[in-house]
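> Take this structure, written in structure tokens, and hold onto it; I'll ask about it next.
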Amino acid sequence: MAARPFMDAPVSVDNKTATGILQYKGIPNTVQQVLPQLPALNNTAFALSFNSKLRSLNTAQFPASVPLKVDRHLFYTIALGINQCTTCLNGTQLTASLNNITFVMPQIGLLQAHYFNTKGVFTTDFPDCPPTPFNYTGASLTANLGTKLGTRLSKLAFNSTVELVLQDTNLLTVESHPFHLHGYNFFVVRTGVGNFNPKKDTAKYNLVDPPERNTIGVPTGGWVAIRFRADNPGKHIKLTK
């Protein structure tokens, strides 16, 4: 077996190949090992093709209970930004954002604040879509890169079905973003490159046997659409790094 990193964003990475030998019982040691031919470090087409072939079992024992009807549609842009910072080098700070909002860590836990009804810790007005639509994966944008700061949450009705589209952007640069949803598994119904098109791309959703995961990589300069049922009450963080 052999493995290597995958990175198609314009950033440096430790490009080392890891190898291992898995030997089944009864197989002699004289069998010659052949190192597999690995794709290039930045072979986006290969990575997308591989991921698109992943399927759930969708059997009677392990059904794929992907929501077919959606109660709430969310569209989140993932971006980098630059904010003013008087204590930082050069007076600026690199930030990450969803829908142009950079998360501010509260002084107490969000679940604790909710349980004790502590006011002023967070708001529930996180937007369902970006404030200003634009060509998300077009030419790199380098002006007006400031983000809004806040501890803003999105409130979902219990047992509602949710579709979330995560869209990479070319603010400063495109990048592949890992995404993890605490407290849930979700179904990956489609991934793509470029800008998500709600009229064309939804027709290509896999609503029969999509893979069920709790972490997914948003493609560099692309998007991913997931669906889940909000049946686990609590304060759950959508995490991207």
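Numbering starts fresh at 1 for the residues of each chain in the structure tokens, the chains themselves are lettered A, B, ... in the order given, and ligands are numbered from 1 as they appear.
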Would you give me, as a Markdown table, each residue of range 108-169 of chain A having an atom within 8 Å of an atom of range 67-72 of chain A, along with its shortest atom pair and that distance in Å to one decimal, using only C-alpha atoms and sorting by chain and residue number?

| residue | atom | partner | partner_atom | distance |
| --- | --- | --- | --- | --- |
| A:Ser160 | CA | A:Asp71 | CA | 6.0 |
| A:Thr161 | CA | A:Val70 | CA | 5.1 |
| A:Val162 | CA | A:Arg72 | CA | 4.9 |
| A:Glu163 | CA | A:Arg72 | CA | 6.4 |
> Can I get the selected residues back with N, CA and C atoms, as a PDB file, in the first residue's frame?

ATOM      1  N   SER A 160     -36.046  19.111  11.455  1.00  0.00           N
ATOM      2  CA  SER A 160     -36.163  19.645  10.099  1.00  0.00           C
ATOM      3  C   SER A 160     -35.067  19.054   9.217  1.00  0.00           C
ATOM      4  N   THR A 161     -35.308  19.045   7.927  1.00  0.00           N
ATOM      5  CA  THR A 161     -34.313  18.569   6.972  1.00  0.00           C
ATOM      6  C   THR A 161     -33.594  19.764   6.363  1.00  0.00           C
ATOM      7  N   VAL A 162     -32.290  19.627   6.223  1.00  0.00           N
ATOM      8  CA  VAL A 162     -31.447  20.760   5.843  1.00  0.00           C
ATOM      9  C   VAL A 162     -30.573  20.375   4.659  1.00  0.00           C
ATOM     10  N   GLU A 163     -30.473  21.294   3.707  1.00  0.00           N
ATOM     11  CA  GLU A 163     -29.474  21.178   2.644  1.00  0.00           C
ATOM     12  C   GLU A 163     -28.499  22.330   2.791  1.00  0.00           C
TER      13      GLU A 163
END
> At a cut-off of 9 Å, using only C-alpha atoms, what residues contact range 224-233 of chain A? Leave out same-chain residues fewer than 5 positions from it and give the result as JSON, numbers by chain.
{"A": [66, 67, 68, 70, 156, 157, 158, 159, 160, 161, 162, 163, 164, 165, 166, 167, 168, 183, 184, 185, 186, 187, 188, 189, 190, 191, 192, 193, 196, 202, 205, 216, 217, 218, 219]}
> Put those residues in a file: N, CA and C atoms, as a compact mmCIF listing (two decimals), in the first residue's frame.

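result-v1.txt, freshly written:
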# COMPACT_ATOMS: atom_id res chain seq x y z
N VAL A 66 -31.39 9.42 3.09
CA VAL A 66 -31.12 10.79 2.66
C VAL A 66 -32.43 11.55 2.55
N PRO A 67 -32.52 12.76 3.11
CA PRO A 67 -33.75 13.55 3.00
C PRO A 67 -34.06 13.88 1.54
N LEU A 68 -35.27 13.59 1.12
CA LEU A 68 -35.71 13.91 -0.24
C LEU A 68 -36.41 15.26 -0.28
N VAL A 70 -36.62 19.03 1.48
CA VAL A 70 -35.76 19.92 2.25
C VAL A 70 -36.59 21.05 2.86
N LEU A 156 -31.94 26.05 13.81
CA LEU A 156 -32.67 25.09 12.99
C LEU A 156 -33.81 24.48 13.79
N ALA A 157 -34.95 24.30 13.16
CA ALA A 157 -36.09 23.66 13.81
C ALA A 157 -35.78 22.18 14.04
N PHE A 158 -36.20 21.67 15.20
CA PHE A 158 -35.93 20.28 15.53
C PHE A 158 -36.58 19.35 14.50
N ASN A 159 -35.81 18.38 14.07
CA ASN A 159 -36.23 17.35 13.12
C ASN A 159 -36.47 17.88 11.71
N SER A 160 -36.05 19.11 11.46
CA SER A 160 -36.16 19.65 10.10
C SER A 160 -35.07 19.05 9.22
N THR A 161 -35.31 19.04 7.93
CA THR A 161 -34.31 18.57 6.97
C THR A 161 -33.59 19.76 6.36
N VAL A 162 -32.29 19.63 6.22
CA VAL A 162 -31.45 20.76 5.84
C VAL A 162 -30.57 20.37 4.66
N GLU A 163 -30.47 21.29 3.71
CA GLU A 163 -29.47 21.18 2.64
C GLU A 163 -28.50 22.33 2.79
N LEU A 164 -27.23 22.01 2.85
CA LEU A 164 -26.18 23.01 2.99
C LEU A 164 -25.21 22.88 1.83
N VAL A 165 -25.05 23.97 1.09
CA VAL A 165 -24.06 24.03 0.02
C VAL A 165 -22.89 24.88 0.50
N LEU A 166 -21.70 24.32 0.47
CA LEU A 166 -20.48 25.01 0.87
C LEU A 166 -19.71 25.38 -0.39
N GLN A 167 -19.48 26.67 -0.58
CA GLN A 167 -18.87 27.20 -1.79
C GLN A 167 -17.52 27.81 -1.48
N ASP A 168 -16.45 27.28 -2.09
CA ASP A 168 -15.14 27.91 -1.97
C ASP A 168 -15.14 29.22 -2.76
N GLY A 183 -21.82 16.46 15.92
CA GLY A 183 -23.09 15.90 16.36
C GLY A 183 -23.92 15.23 15.29
N TYR A 184 -23.43 15.16 14.07
CA TYR A 184 -24.23 14.63 12.97
C TYR A 184 -23.39 13.84 11.98
N ASN A 185 -24.06 12.94 11.28
CA ASN A 185 -23.60 12.46 9.99
C ASN A 185 -24.44 13.16 8.93
N PHE A 186 -23.90 13.29 7.74
CA PHE A 186 -24.66 13.91 6.66
C PHE A 186 -24.40 13.14 5.37
N PHE A 187 -25.26 13.37 4.40
CA PHE A 187 -25.13 12.73 3.09
C PHE A 187 -24.53 13.72 2.10
N VAL A 188 -23.49 13.29 1.41
CA VAL A 188 -22.84 14.12 0.39
C VAL A 188 -23.55 13.83 -0.94
N VAL A 189 -24.43 14.73 -1.34
CA VAL A 189 -25.26 14.46 -2.52
C VAL A 189 -24.62 14.92 -3.83
N ARG A 190 -23.60 15.79 -3.74
CA ARG A 190 -22.93 16.22 -4.97
C ARG A 190 -21.73 17.10 -4.63
N THR A 191 -20.69 17.02 -5.45
CA THR A 191 -19.59 17.97 -5.42
C THR A 191 -19.35 18.46 -6.84
N GLY A 192 -18.72 19.62 -6.96
CA GLY A 192 -18.45 20.16 -8.28
C GLY A 192 -17.38 21.23 -8.24
N VAL A 193 -16.96 21.67 -9.40
CA VAL A 193 -15.97 22.74 -9.52
C VAL A 193 -16.66 23.98 -10.05
N PHE A 196 -21.52 27.02 -7.78
CA PHE A 196 -22.71 26.19 -7.68
C PHE A 196 -23.86 26.84 -8.43
N THR A 202 -28.53 20.83 -9.03
CA THR A 202 -29.43 20.04 -8.19
C THR A 202 -30.02 18.86 -8.96
N TYR A 205 -28.00 15.64 -8.38
CA TYR A 205 -27.82 15.12 -7.02
C TYR A 205 -27.99 13.60 -7.01
N ILE A 216 -16.01 16.33 5.29
CA ILE A 216 -15.88 16.37 3.83
C ILE A 216 -14.93 17.50 3.46
N GLY A 217 -14.21 17.33 2.38
CA GLY A 217 -13.35 18.39 1.87
C GLY A 217 -14.07 19.18 0.79
N VAL A 218 -14.18 20.48 0.97
CA VAL A 218 -14.74 21.34 -0.07
C VAL A 218 -13.67 21.51 -1.15
N PRO A 219 -13.97 21.15 -2.40
CA PRO A 219 -12.93 21.19 -3.43
C PRO A 219 -12.36 22.58 -3.64
> Tell me which of A:Met105, A:Leu54, A:Ile78, A:Leu145 sits closest to Gln93 in chain A, counting only C-alpha atoms.
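The shortest atom-to-atom distance to Gln93 in chain A comes from A:Leu145.
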> Do you know which residues are at most 10 Å from Leu35 in chain A counting only C-alpha atoms, after dropping those on the same chain fewer than 5 positions away, and could you put them as a ChimeraX atom specification?
/A:1-2,19-20
> Can you write out the residues you just picked, keeping N, CA and C atoms, as an mmCIF file, in the first residue's frame?

data_model
loop_
_atom_site.group_PDB
_atom_site.id
_atom_site.type_symbol
_atom_site.label_atom_id
_atom_site.label_comp_id
_atom_site.auth_asym_id
_atom_site.auth_seq_id
_atom_site.Cartn_x
_atom_site.Cartn_y
_atom_site.Cartn_z
ATOM 1 N N MET A 1 0.842 -1.176 0.000
ATOM 2 C CA MET A 1 0.000 0.000 0.000
ATOM 3 C C MET A 1 0.884 1.235 0.000
ATOM 4 N N ALA A 2 0.390 2.279 -0.620
ATOM 5 C CA ALA A 2 1.125 3.539 -0.643
ATOM 6 C C ALA A 2 0.134 4.691 -0.592
ATOM 7 N N THR A 19 4.459 4.229 2.741
ATOM 8 C CA THR A 19 4.218 2.877 2.233
ATOM 9 C C THR A 19 4.056 1.903 3.390
ATOM 10 N N GLY A 20 3.349 0.824 3.126
ATOM 11 C CA GLY A 20 3.158 -0.218 4.122
ATOM 12 C C GLY A 20 2.875 -1.540 3.438
#
> Could you pull the residues within 10 Å of Phe6 in chain A, counting only C-alpha atoms, minus those fewer than 6 positions along the same chain, as number ranges by chain?
A: 13-15, 39-44, 47, 176
> Restrict the selected residues to C-alpha atoms and save them as a CSV table (one decimal), in the first residue's frame.

chain,number,residue,atom,x,y,z
A,13,VAL,CA,2.9,20.8,1.4
A,14,ASP,CA,5.1,18.1,2.8
A,15,ASN,CA,5.1,15.9,-0.3
A,39,PRO,CA,-1.5,10.3,-9.2
A,40,ALA,CA,0.2,13.6,-9.1
A,41,LEU,CA,0.1,15.7,-5.9
A,42,ASN,CA,-2.3,18.2,-7.5
A,43,ASN,CA,-4.4,15.9,-9.7
A,44,THR,CA,-7.8,17.5,-9.1
A,47,ALA,CA,-9.4,13.2,-6.7
A,176,SER,CA,-9.5,23.1,-0.2
